[in-house]
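Source file: data.pdb; contents: PDB, C-alpha atoms and all ligand atoms.
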```
ATOM      1  CA  MET F   1      10.901 -11.080 -63.852  1.00  0.00           C
ATOM      2  CA  ARG F   2      10.181 -14.679 -62.959  1.00  0.00           C
ATOM      3  CA  VAL F   3      12.244 -14.465 -59.833  1.00  0.00           C
ATOM      4  CA  MET F   4      10.365 -11.420 -58.685  1.00  0.00           C
ATOM      5  CA  ALA F   5       6.977 -13.055 -59.249  1.00  0.00           C
ATOM      6  CA  ALA F   6       8.028 -16.090 -57.226  1.00  0.00           C
ATOM      7  CA  GLY F   7       9.219 -13.820 -54.456  1.00  0.00           C
ATOM      8  CA  LEU F   8       5.905 -11.995 -54.383  1.00  0.00           C
ATOM      9  CA  LEU F   9       3.965 -15.254 -54.262  1.00  0.00           C
ATOM     10  CA  ALA F  10       6.055 -16.466 -51.332  1.00  0.00           C
ATOM     11  CA  LEU F  11       5.383 -13.212 -49.531  1.00  0.00           C
ATOM     12  CA  ALA F  12       1.660 -13.472 -50.163  1.00  0.00           C
ATOM     13  CA  LEU F  13       1.562 -17.029 -48.801  1.00  0.00           C
ATOM     14  CA  ALA F  14       3.517 -16.087 -45.718  1.00  0.00           C
ATOM     15  CA  GLY F  15       1.092 -13.232 -45.156  1.00  0.00           C
ATOM     16  CA  ALA F  16      -1.914 -15.517 -45.428  1.00  0.00           C
ATOM     17  CA  ALA F  17      -0.482 -18.051 -42.983  1.00  0.00           C
ATOM     18  CA  TRP F  18       0.276 -15.340 -40.490  1.00  0.00           C
ATOM     19  CA  ALA F  19      -3.166 -13.783 -40.819  1.00  0.00           C
ATOM     20  CA  GLY F  20      -4.715 -17.206 -40.194  1.00  0.00           C
ATOM     21  CA  SER F  21      -3.047 -17.549 -36.840  1.00  0.00           C
ATOM     22  CA  ARG F  22      -3.942 -14.091 -35.589  1.00  0.00           C
ATOM     23  CA  ALA F  23      -6.703 -13.227 -33.151  1.00  0.00           C
ATOM     24  CA  PRO F  24     -10.017 -12.620 -34.892  1.00  0.00           C
ATOM     25  CA  VAL F  25     -11.091  -9.136 -35.876  1.00  0.00           C
ATOM     26  CA  LEU F  26     -13.921  -8.335 -33.502  1.00  0.00           C
ATOM     27  CA  ASP F  27     -16.886  -6.018 -33.985  1.00  0.00           C
ATOM     28  CA  ALA F  28     -15.930  -2.442 -33.225  1.00  0.00           C
ATOM     29  CA  PRO F  29     -17.240  -1.118 -29.929  1.00  0.00           C
ATOM     30  CA  ARG F  30     -19.526   1.835 -29.621  1.00  0.00           C
ATOM     31  CA  GLY F  31     -18.391   4.841 -27.640  1.00  0.00           C
ATOM     32  CA  GLU F  32     -14.890   6.100 -27.063  1.00  0.00           C
ATOM     33  CA  LYS F  33     -13.908   4.340 -23.907  1.00  0.00           C
ATOM     34  CA  CYS F  34     -14.561   1.134 -22.108  1.00  0.00           C
ATOM     35  CA  VAL F  35     -15.454   1.051 -18.418  1.00  0.00           C
ATOM     36  CA  GLU F  36     -11.738   0.523 -17.735  1.00  0.00           C
ATOM     37  CA  ASP F  37      -8.782   0.840 -20.097  1.00  0.00           C
ATOM     38  CA  ALA F  38      -8.539  -1.823 -22.789  1.00  0.00           C
ATOM     39  CA  ALA F  39      -5.547  -3.663 -21.340  1.00  0.00           C
ATOM     40  CA  THR F  40      -7.227  -3.898 -17.941  1.00  0.00           C
ATOM     41  CA  MET F  41     -10.408  -5.114 -19.608  1.00  0.00           C
ATOM     42  CA  ARG F  42      -8.595  -7.814 -21.557  1.00  0.00           C
ATOM     43  CA  ARG F  43      -6.955  -9.042 -18.397  1.00  0.00           C
ATOM     44  CA  SER F  44      -9.680  -8.587 -15.778  1.00  0.00           C
ATOM     45  CA  HIS F  45     -13.177  -8.379 -17.296  1.00  0.00           C
ATOM     46  CA  MET F  46     -14.148 -11.716 -15.748  1.00  0.00           C
ATOM     47  CA  ASP F  47     -13.306 -10.400 -12.281  1.00  0.00           C
ATOM     48  CA  PHE F  48     -15.339  -7.234 -12.833  1.00  0.00           C
ATOM     49  CA  LEU F  49     -18.323  -9.261 -13.995  1.00  0.00           C
ATOM     50  CA  ARG F  50     -18.087 -11.658 -11.086  1.00  0.00           C
ATOM     51  CA  HIS F  51     -17.767  -8.809  -8.628  1.00  0.00           C
ATOM     52  CA  GLN F  52     -20.687  -6.948 -10.190  1.00  0.00           C
ATOM     53  CA  ARG F  53     -22.843 -10.053 -10.007  1.00  0.00           C
ATOM     54  CA  ASP F  54     -22.069 -10.501  -6.317  1.00  0.00           C
ATOM     55  CA  GLU F  55     -22.801  -6.847  -5.598  1.00  0.00           C
ATOM     56  CA  THR F  56     -26.135  -7.082  -7.393  1.00  0.00           C
ATOM     57  CA  VAL F  57     -27.330 -10.512  -6.421  1.00  0.00           C
ATOM     58  CA  HIS F  58     -26.059 -10.760  -2.879  1.00  0.00           C
ATOM     59  CA  ARG F  59     -25.875  -7.156  -1.780  1.00  0.00           C
ATOM     60  CA  GLY F  60     -28.644  -5.610  -3.842  1.00  0.00           C
ATOM     61  CA  ILE F  61     -26.450  -2.838  -5.257  1.00  0.00           C
ATOM     62  CA  ARG F  62     -27.643  -1.892  -8.752  1.00  0.00           C
ATOM     63  CA  GLY F  63     -26.736   0.277 -11.675  1.00  0.00           C
ATOM     64  CA  ALA F  64     -22.974   0.008 -11.385  1.00  0.00           C
ATOM     65  CA  ARG F  65     -20.544   0.330 -14.231  1.00  0.00           C
ATOM     66  CA  HIS F  66     -19.615  -3.298 -14.805  1.00  0.00           C
ATOM     67  CA  SER F  67     -23.075  -4.584 -15.612  1.00  0.00           C
ATOM     68  CA  LEU F  68     -23.300  -7.338 -18.194  1.00  0.00           C
ATOM     69  CA  ALA F  69     -26.119  -5.553 -20.009  1.00  0.00           C
ATOM     70  CA  GLY F  70     -23.782  -2.560 -20.301  1.00  0.00           C
ATOM     71  CA  CYS F  71     -21.128  -4.678 -22.018  1.00  0.00           C
ATOM     72  CA  VAL F  72     -23.729  -5.813 -24.526  1.00  0.00           C
ATOM     73  CA  GLU F  73     -24.982  -2.283 -25.260  1.00  0.00           C
ATOM     74  CA  CYS F  74     -21.502  -1.121 -26.278  1.00  0.00           C
ATOM     75  CA  HIS F  75     -20.045  -4.275 -27.774  1.00  0.00           C
ATOM     76  CA  ALA F  76     -22.929  -5.607 -29.867  1.00  0.00           C
ATOM     77  CA  ASN F  77     -22.709  -5.979 -33.624  1.00  0.00           C
ATOM     78  CA  ALA F  78     -24.044  -2.907 -35.410  1.00  0.00           C
ATOM     79  CA  LYS F  79     -26.483  -4.885 -37.579  1.00  0.00           C
ATOM     80  CA  ASP F  80     -27.947  -7.584 -35.355  1.00  0.00           C
ATOM     81  CA  GLY F  81     -27.293  -6.002 -31.958  1.00  0.00           C
ATOM     82  CA  ALA F  82     -25.677  -9.183 -30.587  1.00  0.00           C
ATOM     83  CA  VAL F  83     -22.409 -10.128 -28.887  1.00  0.00           C
ATOM     84  CA  LEU F  84     -22.774 -13.761 -30.022  1.00  0.00           C
ATOM     85  CA  GLY F  85     -23.411 -15.279 -33.447  1.00  0.00           C
ATOM     86  CA  SER F  86     -20.175 -15.475 -35.431  1.00  0.00           C
ATOM     87  CA  PRO F  87     -16.389 -15.472 -35.044  1.00  0.00           C
ATOM     88  CA  SER F  88     -16.392 -11.689 -35.288  1.00  0.00           C
ATOM     89  CA  HIS F  89     -19.084 -11.093 -32.681  1.00  0.00           C
ATOM     90  CA  PHE F  90     -17.356  -9.510 -29.722  1.00  0.00           C
ATOM     91  CA  CYS F  91     -17.737 -11.937 -26.818  1.00  0.00           C
ATOM     92  CA  GLN F  92     -18.066 -15.101 -28.882  1.00  0.00           C
ATOM     93  CA  GLY F  93     -15.235 -14.246 -31.277  1.00  0.00           C
ATOM     94  CA  CYS F  94     -12.568 -13.819 -28.670  1.00  0.00           C
ATOM     95  CA  HIS F  95     -13.838 -16.636 -26.492  1.00  0.00           C
ATOM     96  CA  ALA F  96     -13.900 -19.122 -29.368  1.00  0.00           C
ATOM     97  CA  TYR F  97     -10.381 -18.070 -30.271  1.00  0.00           C
ATOM     98  CA  ALA F  98      -9.172 -18.349 -26.672  1.00  0.00           C
ATOM     99  CA  ALA F  99     -11.177 -21.576 -26.179  1.00  0.00           C
ATOM    100  CA  VAL F 100     -12.849 -20.209 -23.040  1.00  0.00           C
ATOM    101  CA  LYS F 101     -16.426 -21.281 -22.428  1.00  0.00           C
ATOM    102  CA  LEU F 102     -18.982 -18.510 -22.064  1.00  0.00           C
ATOM    103  CA  ASP F 103     -22.257 -19.711 -20.562  1.00  0.00           C
ATOM    104  CA  CYS F 104     -23.608 -16.460 -19.129  1.00  0.00           C
ATOM    105  CA  PHE F 105     -25.942 -15.887 -22.055  1.00  0.00           C
ATOM    106  CA  GLU F 106     -28.058 -18.917 -21.325  1.00  0.00           C
ATOM    107  CA  CYS F 107     -29.763 -16.595 -18.847  1.00  0.00           C
ATOM    108  CA  HIS F 108     -28.601 -13.084 -19.746  1.00  0.00           C
ATOM    109  CA  ALA F 109     -29.624 -11.315 -22.946  1.00  0.00           C
ATOM    110  CA  SER F 110     -26.909 -11.466 -25.603  1.00  0.00           C
ATOM    111  CA  ARG F 111     -28.526  -8.663 -27.593  1.00  0.00           C
ATOM    112  CA  THR F 112     -29.097  -4.979 -26.967  1.00  0.00           C
ATOM    113  CA  ARG F 113     -32.404  -3.758 -25.645  1.00  0.00           C
ATOM    114  CA  ALA F 114     -33.154  -2.221 -29.038  1.00  0.00           C
ATOM    115  CA  ALA F 115     -32.487  -5.518 -30.817  1.00  0.00           C
ATOM    116  CA  GLN F 116     -34.661  -7.410 -28.329  1.00  0.00           C
ATOM    117  CA  ALA F 117     -37.453  -4.947 -29.046  1.00  0.00           C
ATOM    118  CA  GLY F 118     -37.089  -5.753 -32.749  1.00  0.00           C
ATOM    119  CA  ARG F 119     -35.402  -2.526 -33.655  1.00  0.00           C
ATOM    120  CA  GLN F 120     -31.990  -2.307 -35.176  1.00  0.00           C
ATOM    121  CA  ALA F 121     -29.270  -1.646 -32.625  1.00  0.00           C
ATOM    122  CA  ARG F 122     -27.835   1.358 -34.445  1.00  0.00           C
ATOM    123  CA  SER F 123     -27.641   2.414 -38.043  1.00  0.00           C
ATOM    124  CA  PRO F 124     -25.171   0.292 -39.993  1.00  0.00           C
TER     125      PRO F 124
HETATM  126  C1  LIG R 201     -28.879 -19.684 -14.438  1.00  0.00           C
HETATM  127  C2  LIG R 201     -29.024 -18.347 -14.934  1.00  0.00           C
HETATM  128  C3  LIG R 201     -27.792 -17.455 -14.919  1.00  0.00           C
HETATM  129  C4  LIG R 201     -26.571 -17.705 -15.464  1.00  0.00           C
HETATM  130  C5  LIG R 201     -26.107 -18.932 -16.244  1.00  0.00           C
HETATM  131  C6  LIG R 201     -25.770 -16.520 -15.231  1.00  0.00           C
HETATM  132  N1  LIG R 201     -26.495 -15.580 -14.548  1.00  0.00           N
HETATM  133 FE1  LIG R 201     -25.879 -13.708 -13.989  1.00  0.00          FE
HETATM  134  N2  LIG R 201     -27.637 -13.361 -13.103  1.00  0.00           N
HETATM  135  C7  LIG R 201     -28.698 -14.233 -13.093  1.00  0.00           C
HETATM  136  C8  LIG R 201     -29.797 -13.632 -12.328  1.00  0.00           C
HETATM  137  C9  LIG R 201     -31.157 -14.235 -12.098  1.00  0.00           C
HETATM  138  C10 LIG R 201     -29.328 -12.366 -11.894  1.00  0.00           C
HETATM  139  C11 LIG R 201     -30.084 -11.331 -11.085  1.00  0.00           C
HETATM  140  C12 LIG R 201     -30.729 -10.478 -12.112  1.00  0.00           C
HETATM  141  C13 LIG R 201     -31.138  -9.195 -11.577  1.00  0.00           C
HETATM  142  O1  LIG R 201     -31.599  -9.166 -10.451  1.00  0.00           O
HETATM  143  O2  LIG R 201     -30.962  -8.231 -12.334  1.00  0.00           O
HETATM  144  C14 LIG R 201     -27.975 -12.229 -12.408  1.00  0.00           C
HETATM  145  C15 LIG R 201     -27.196 -11.094 -12.238  1.00  0.00           C
HETATM  146  C16 LIG R 201     -25.942 -10.908 -12.792  1.00  0.00           C
HETATM  147  C17 LIG R 201     -25.180  -9.668 -12.755  1.00  0.00           C
HETATM  148  C18 LIG R 201     -25.585  -8.365 -12.102  1.00  0.00           C
HETATM  149  C19 LIG R 201     -26.632  -7.677 -13.005  1.00  0.00           C
HETATM  150  C20 LIG R 201     -26.078  -7.200 -14.316  1.00  0.00           C
HETATM  151  O3  LIG R 201     -26.817  -7.199 -15.314  1.00  0.00           O
HETATM  152  O4  LIG R 201     -24.939  -6.805 -14.378  1.00  0.00           O
HETATM  153  C21 LIG R 201     -24.013  -9.904 -13.411  1.00  0.00           C
HETATM  154  C22 LIG R 201     -22.856  -8.947 -13.658  1.00  0.00           C
HETATM  155  C23 LIG R 201     -24.047 -11.277 -13.861  1.00  0.00           C
HETATM  156  N3  LIG R 201     -25.229 -11.865 -13.457  1.00  0.00           N
HETATM  157  C24 LIG R 201     -23.043 -11.879 -14.560  1.00  0.00           C
HETATM  158  C25 LIG R 201     -23.075 -13.190 -15.003  1.00  0.00           C
HETATM  159  C26 LIG R 201     -21.952 -13.808 -15.676  1.00  0.00           C
HETATM  160  C27 LIG R 201     -20.627 -13.117 -15.976  1.00  0.00           C
HETATM  161  C28 LIG R 201     -22.336 -15.070 -15.986  1.00  0.00           C
HETATM  162  C29 LIG R 201     -21.522 -16.133 -16.690  1.00  0.00           C
HETATM  163  C30 LIG R 201     -20.248 -16.496 -16.070  1.00  0.00           C
HETATM  164  C31 LIG R 201     -23.694 -15.253 -15.490  1.00  0.00           C
HETATM  165  N4  LIG R 201     -24.092 -14.075 -14.897  1.00  0.00           N
HETATM  166  C32 LIG R 201     -24.459 -16.385 -15.640  1.00  0.00           C
HETATM  167  C33 LIG R 201     -28.775 -15.463 -13.686  1.00  0.00           C
HETATM  168  C34 LIG R 201     -27.735 -16.103 -14.336  1.00  0.00           C
HETATM  169  C1  LIG R 202     -19.589   2.796 -22.966  1.00  0.00           C
HETATM  170  C2  LIG R 202     -19.281   1.698 -23.858  1.00  0.00           C
HETATM  171  C3  LIG R 202     -18.616   0.451 -23.298  1.00  0.00           C
HETATM  172  C4  LIG R 202     -19.052  -0.339 -22.244  1.00  0.00           C
HETATM  173  C5  LIG R 202     -20.236  -0.129 -21.319  1.00  0.00           C
HETATM  174  C6  LIG R 202     -18.147  -1.463 -22.203  1.00  0.00           C
HETATM  175  N1  LIG R 202     -17.181  -1.344 -23.158  1.00  0.00           N
HETATM  176 FE1  LIG R 202     -15.602  -2.592 -23.451  1.00  0.00          FE
HETATM  177  N2  LIG R 202     -14.805  -1.329 -24.798  1.00  0.00           N
HETATM  178  C7  LIG R 202     -15.412  -0.161 -25.258  1.00  0.00           C
HETATM  179  C8  LIG R 202     -14.490   0.523 -26.150  1.00  0.00           C
HETATM  180  C9  LIG R 202     -14.757   1.848 -26.880  1.00  0.00           C
HETATM  181  C10 LIG R 202     -13.322  -0.280 -26.218  1.00  0.00           C
HETATM  182  C11 LIG R 202     -12.028   0.008 -26.977  1.00  0.00           C
HETATM  183  C12 LIG R 202     -11.303   0.922 -26.021  1.00  0.00           C
HETATM  184  C13 LIG R 202      -9.873   1.087 -26.209  1.00  0.00           C
HETATM  185  O1  LIG R 202      -9.290   0.488 -27.126  1.00  0.00           O
HETATM  186  O2  LIG R 202      -9.301   1.825 -25.379  1.00  0.00           O
HETATM  187  C14 LIG R 202     -13.553  -1.438 -25.361  1.00  0.00           C
HETATM  188  C15 LIG R 202     -12.640  -2.458 -25.139  1.00  0.00           C
HETATM  189  C16 LIG R 202     -12.913  -3.647 -24.472  1.00  0.00           C
HETATM  190  C17 LIG R 202     -12.059  -4.820 -24.407  1.00  0.00           C
HETATM  191  C18 LIG R 202     -10.702  -4.967 -25.079  1.00  0.00           C
HETATM  192  C19 LIG R 202     -10.991  -5.444 -26.495  1.00  0.00           C
HETATM  193  C20 LIG R 202      -9.796  -5.772 -27.309  1.00  0.00           C
HETATM  194  O3  LIG R 202      -9.992  -5.998 -28.535  1.00  0.00           O
HETATM  195  O4  LIG R 202      -8.704  -5.825 -26.809  1.00  0.00           O
HETATM  196  C21 LIG R 202     -12.713  -5.772 -23.689  1.00  0.00           C
HETATM  197  C22 LIG R 202     -12.252  -7.188 -23.375  1.00  0.00           C
HETATM  198  C23 LIG R 202     -13.971  -5.189 -23.267  1.00  0.00           C
HETATM  199  N3  LIG R 202     -14.050  -3.904 -23.756  1.00  0.00           N
HETATM  200  C24 LIG R 202     -14.926  -5.855 -22.527  1.00  0.00           C
HETATM  201  C25 LIG R 202     -16.026  -5.224 -21.943  1.00  0.00           C
HETATM  202  C26 LIG R 202     -16.863  -5.831 -20.928  1.00  0.00           C
HETATM  203  C27 LIG R 202     -16.734  -7.260 -20.421  1.00  0.00           C
HETATM  204  C28 LIG R 202     -17.785  -4.887 -20.563  1.00  0.00           C
HETATM  205  C29 LIG R 202     -18.843  -4.966 -19.493  1.00  0.00           C
HETATM  206  C30 LIG R 202     -18.354  -5.171 -18.133  1.00  0.00           C
HETATM  207  C31 LIG R 202     -17.515  -3.694 -21.365  1.00  0.00           C
HETATM  208  N4  LIG R 202     -16.450  -3.938 -22.177  1.00  0.00           N
HETATM  209  C32 LIG R 202     -18.255  -2.528 -21.300  1.00  0.00           C
HETATM  210  C33 LIG R 202     -16.667   0.310 -24.906  1.00  0.00           C
HETATM  211  C34 LIG R 202     -17.429  -0.178 -23.861  1.00  0.00           C
HETATM  212  C1  LIG R 203     -10.061 -10.011 -26.292  1.00  0.00           C
HETATM  213  C2  LIG R 203     -10.594 -11.293 -25.921  1.00  0.00           C
HETATM  214  C3  LIG R 203     -11.874 -11.384 -25.112  1.00  0.00           C
HETATM  215  C4  LIG R 203     -13.041 -10.687 -25.287  1.00  0.00           C
HETATM  216  C5  LIG R 203     -13.348  -9.648 -26.344  1.00  0.00           C
HETATM  217  C6  LIG R 203     -13.953 -11.155 -24.280  1.00  0.00           C
HETATM  218  N1  LIG R 203     -13.352 -12.097 -23.498  1.00  0.00           N
HETATM  219 FE1  LIG R 203     -14.119 -12.916 -21.798  1.00  0.00          FE
HETATM  220  N2  LIG R 203     -12.398 -13.957 -21.506  1.00  0.00           N
HETATM  221  C7  LIG R 203     -11.311 -13.952 -22.349  1.00  0.00           C
HETATM  222  C8  LIG R 203     -10.291 -14.867 -21.842  1.00  0.00           C
HETATM  223  C9  LIG R 203      -8.952 -15.150 -22.499  1.00  0.00           C
HETATM  224  C10 LIG R 203     -10.816 -15.417 -20.655  1.00  0.00           C
HETATM  225  C11 LIG R 203     -10.166 -16.439 -19.713  1.00  0.00           C
HETATM  226  C12 LIG R 203      -9.194 -15.673 -18.872  1.00  0.00           C
HETATM  227  C13 LIG R 203      -8.655 -16.453 -17.729  1.00  0.00           C
HETATM  228  O1  LIG R 203      -9.228 -17.466 -17.357  1.00  0.00           O
HETATM  229  O2  LIG R 203      -7.651 -15.990 -17.221  1.00  0.00           O
HETATM  230  C14 LIG R 203     -12.136 -14.827 -20.476  1.00  0.00           C
HETATM  231  C15 LIG R 203     -12.971 -15.099 -19.405  1.00  0.00           C
HETATM  232  C16 LIG R 203     -14.249 -14.622 -19.257  1.00  0.00           C
HETATM  233  C17 LIG R 203     -15.152 -14.978 -18.202  1.00  0.00           C
HETATM  234  C18 LIG R 203     -14.859 -15.970 -17.079  1.00  0.00           C
HETATM  235  C19 LIG R 203     -15.205 -17.333 -17.630  1.00  0.00           C
HETATM  236  C20 LIG R 203     -15.058 -18.418 -16.609  1.00  0.00           C
HETATM  237  O3  LIG R 203     -15.604 -19.507 -16.887  1.00  0.00           O
HETATM  238  O4  LIG R 203     -14.426 -18.210 -15.600  1.00  0.00           O
HETATM  239  C21 LIG R 203     -16.321 -14.320 -18.420  1.00  0.00           C
HETATM  240  C22 LIG R 203     -17.575 -14.394 -17.577  1.00  0.00           C
HETATM  241  C23 LIG R 203     -16.157 -13.547 -19.637  1.00  0.00           C
HETATM  242  N3  LIG R 203     -14.880 -13.740 -20.111  1.00  0.00           N
HETATM  243  C24 LIG R 203     -17.138 -12.767 -20.198  1.00  0.00           C
HETATM  244  C25 LIG R 203     -16.993 -12.041 -21.372  1.00  0.00           C
HETATM  245  C26 LIG R 203     -18.047 -11.251 -21.967  1.00  0.00           C
HETATM  246  C27 LIG R 203     -19.451 -11.125 -21.429  1.00  0.00           C
HETATM  247  C28 LIG R 203     -17.515 -10.679 -23.082  1.00  0.00           C
HETATM  248  C29 LIG R 203     -18.189  -9.722 -24.042  1.00  0.00           C
HETATM  249  C30 LIG R 203     -18.784  -8.520 -23.448  1.00  0.00           C
HETATM  250  C31 LIG R 203     -16.137 -11.105 -23.172  1.00  0.00           C
HETATM  251  N4  LIG R 203     -15.869 -11.947 -22.129  1.00  0.00           N
HETATM  252  C32 LIG R 203     -15.259 -10.699 -24.154  1.00  0.00           C
HETATM  253  C33 LIG R 203     -11.160 -13.207 -23.486  1.00  0.00           C
HETATM  254  C34 LIG R 203     -12.089 -12.291 -23.989  1.00  0.00           C
END
```
Here is a file; write its structure as structure tokens.
Ligand code: HEC
Ligand code: HEC
Ligand code: HEC
Amino acid sequence: MRVMAAGLLALALAGAAWAGSRAPVLDAPRGEKCVEDAATMRRSHMDFLRHQRDETVHRGIRGARHSLAGCVECHANAKDGAVLGSPSHFCQGCHAYAAVKLDCFECHASRTRAAQAGRQARSP
């Protein structure tokens, strides 16, 4: 009996240590699909954003699928409508974990249009 309890405790501790080193659990996205498949997004979202910015700012092409506001609409937290704010908020959570600076939201809105208008992003 004692031996079994000790074994269980060891297992529980190992589980906790492992969980601590894992990537954070991020807010669930809205919708069924991203603008590209998830693996491509993980690898290349910075390139899409950069490209989209150049298209918009330098070439005046608008309304394309990689807009930053679009990312926010789908990836914001269900309650506060934001992609920043805690280790589980989508953009901040992964960036804090990966230790990659994210300074786009000094200028760009980090919350959905609904949240900026004082409405809840979507029902919790
Ligand atoms: C100093 C302010 C500032 C910062 C910081 C900034 N931007 Fe922008 N960005 C702008 C302005 C101004 C526009 C043009 C807005 C417009 O015409 O819609 C723009 C346009 C864009 C667009 C095209 C429009 C859209 O909504 O998709 C993208 C994409 C974009 N920026 C991405 C980024 C990313 C990614 C970062 C961070 C690496 C960033 N920006 C940081 C000011 C900024
Ligand atoms: C129409 C809603 C929608 C838009 C717009 C959208 N996404 Fe997504 N995103 C999703 C969904 C849903 C998933 C999960 C898809 C999957 O697992 O196949 C996802 C997955 C991701 C992932 C992988 C997450 C992970 O945990 O591995 C990243 C990174 C990502 N999106 C970034 C972005 C960025 C950056 C933008 C803007 C350029 C964006 N998304 C625009 C809905 C969206
Ligand atoms: C699943 C993890 C993950 C998520 C979620 C994520 N990012 Fe990233 N992002 C990264 C990593 C890792 C890098 C650095 C990749 C590299 O340099 O190769 C990065 C890089 C970037 C860069 C380029 C930064 C630079 O200084 O060059 C931008 C811009 C960016 N992400 C924007 C976003 C936005 C906006 C969101 C939310 C819509 C987001 N990311 C969500 C992991 C993530």
Worksheet item: Quick one, how far is atom CA of F:Ser44 from atom CA of F:Gln116?
Response: 28.0 Å
Practice prompt. Could you list the residues chosen by the PyMOL selection byres (((chain F and resi 92) around 12) and not hetatm) in this structure as a PyMOL selection string?
Written response: chain F and resi 24-27+72+75-77+82-91+93-105+110
Please report, as AutoDock Vina command-line options, the centre and edge lengths in Å to one decimal of an axis-aligned box covering all listed atoms of ligand LIG 201 (chain R) with 5 Å per side.
```
--center_x -25.9 --center_y -13.2 --center_z -13.6 --size_x 21.4 --size_y 22.9 --size_z 16.2
```
Counting all atoms listed in the file, what is within 12 Å of stretch 50-67 of chain F, bar same-chain residues fewer than 2 positions away, as a PDB file with C-alpha atoms, in the coordinates of the input?
```
ATOM      1  CA  CYS F  34     -14.561   1.134 -22.108  1.00  0.00           C
ATOM      2  CA  VAL F  35     -15.454   1.051 -18.418  1.00  0.00           C
ATOM      3  CA  GLU F  36     -11.738   0.523 -17.735  1.00  0.00           C
ATOM      4  CA  MET F  41     -10.408  -5.114 -19.608  1.00  0.00           C
ATOM      5  CA  SER F  44      -9.680  -8.587 -15.778  1.00  0.00           C
ATOM      6  CA  HIS F  45     -13.177  -8.379 -17.296  1.00  0.00           C
ATOM      7  CA  MET F  46     -14.148 -11.716 -15.748  1.00  0.00           C
ATOM      8  CA  ASP F  47     -13.306 -10.400 -12.281  1.00  0.00           C
ATOM      9  CA  PHE F  48     -15.339  -7.234 -12.833  1.00  0.00           C
ATOM     10  CA  ALA F  69     -26.119  -5.553 -20.009  1.00  0.00           C
ATOM     11  CA  GLY F  70     -23.782  -2.560 -20.301  1.00  0.00           C
ATOM     12  CA  CYS F  71     -21.128  -4.678 -22.018  1.00  0.00           C
ATOM     13  CA  VAL F  72     -23.729  -5.813 -24.526  1.00  0.00           C
ATOM     14  CA  GLU F  73     -24.982  -2.283 -25.260  1.00  0.00           C
ATOM     15  CA  CYS F  74     -21.502  -1.121 -26.278  1.00  0.00           C
ATOM     16  CA  CYS F 104     -23.608 -16.460 -19.129  1.00  0.00           C
ATOM     17  CA  HIS F 108     -28.601 -13.084 -19.746  1.00  0.00           C
ATOM     18  CA  ALA F 109     -29.624 -11.315 -22.946  1.00  0.00           C
TER      19      ALA F 109
END
```
Practice prompt. Give me, please, the distance in Å between atom C29 of ligand LIG 202 (chain R) and atom CA of F:Asp37, quoted to one decimal.
Written response: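 We find that atom C29 of ligand LIG 202 (chain R) and atom CA of F:Asp37 lie 11.6 Å from each other.
Put simply, atom C26 of ligand LIG 203 (chain R) is 17.1 Å away from atom CA of F:Gly31.
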Practice prompt. Determine the nearest neighbour of ligand LIG 201 (chain R) from the options F:Cys107, F:Ala23, F:Lys33, F:Gly81, counting all atoms listed in the file.
Written response: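 Looking only at the distances to ligand LIG 201 (chain R), the closest residue turns out to be F:Cys107.
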Response to the item:
Using all atoms listed in the file, the residue out of F:Ala28, F:Ala78, F:Ala39, F:Glu106 with shortest distance to ligand LIG 201 (chain R) is F:Glu106
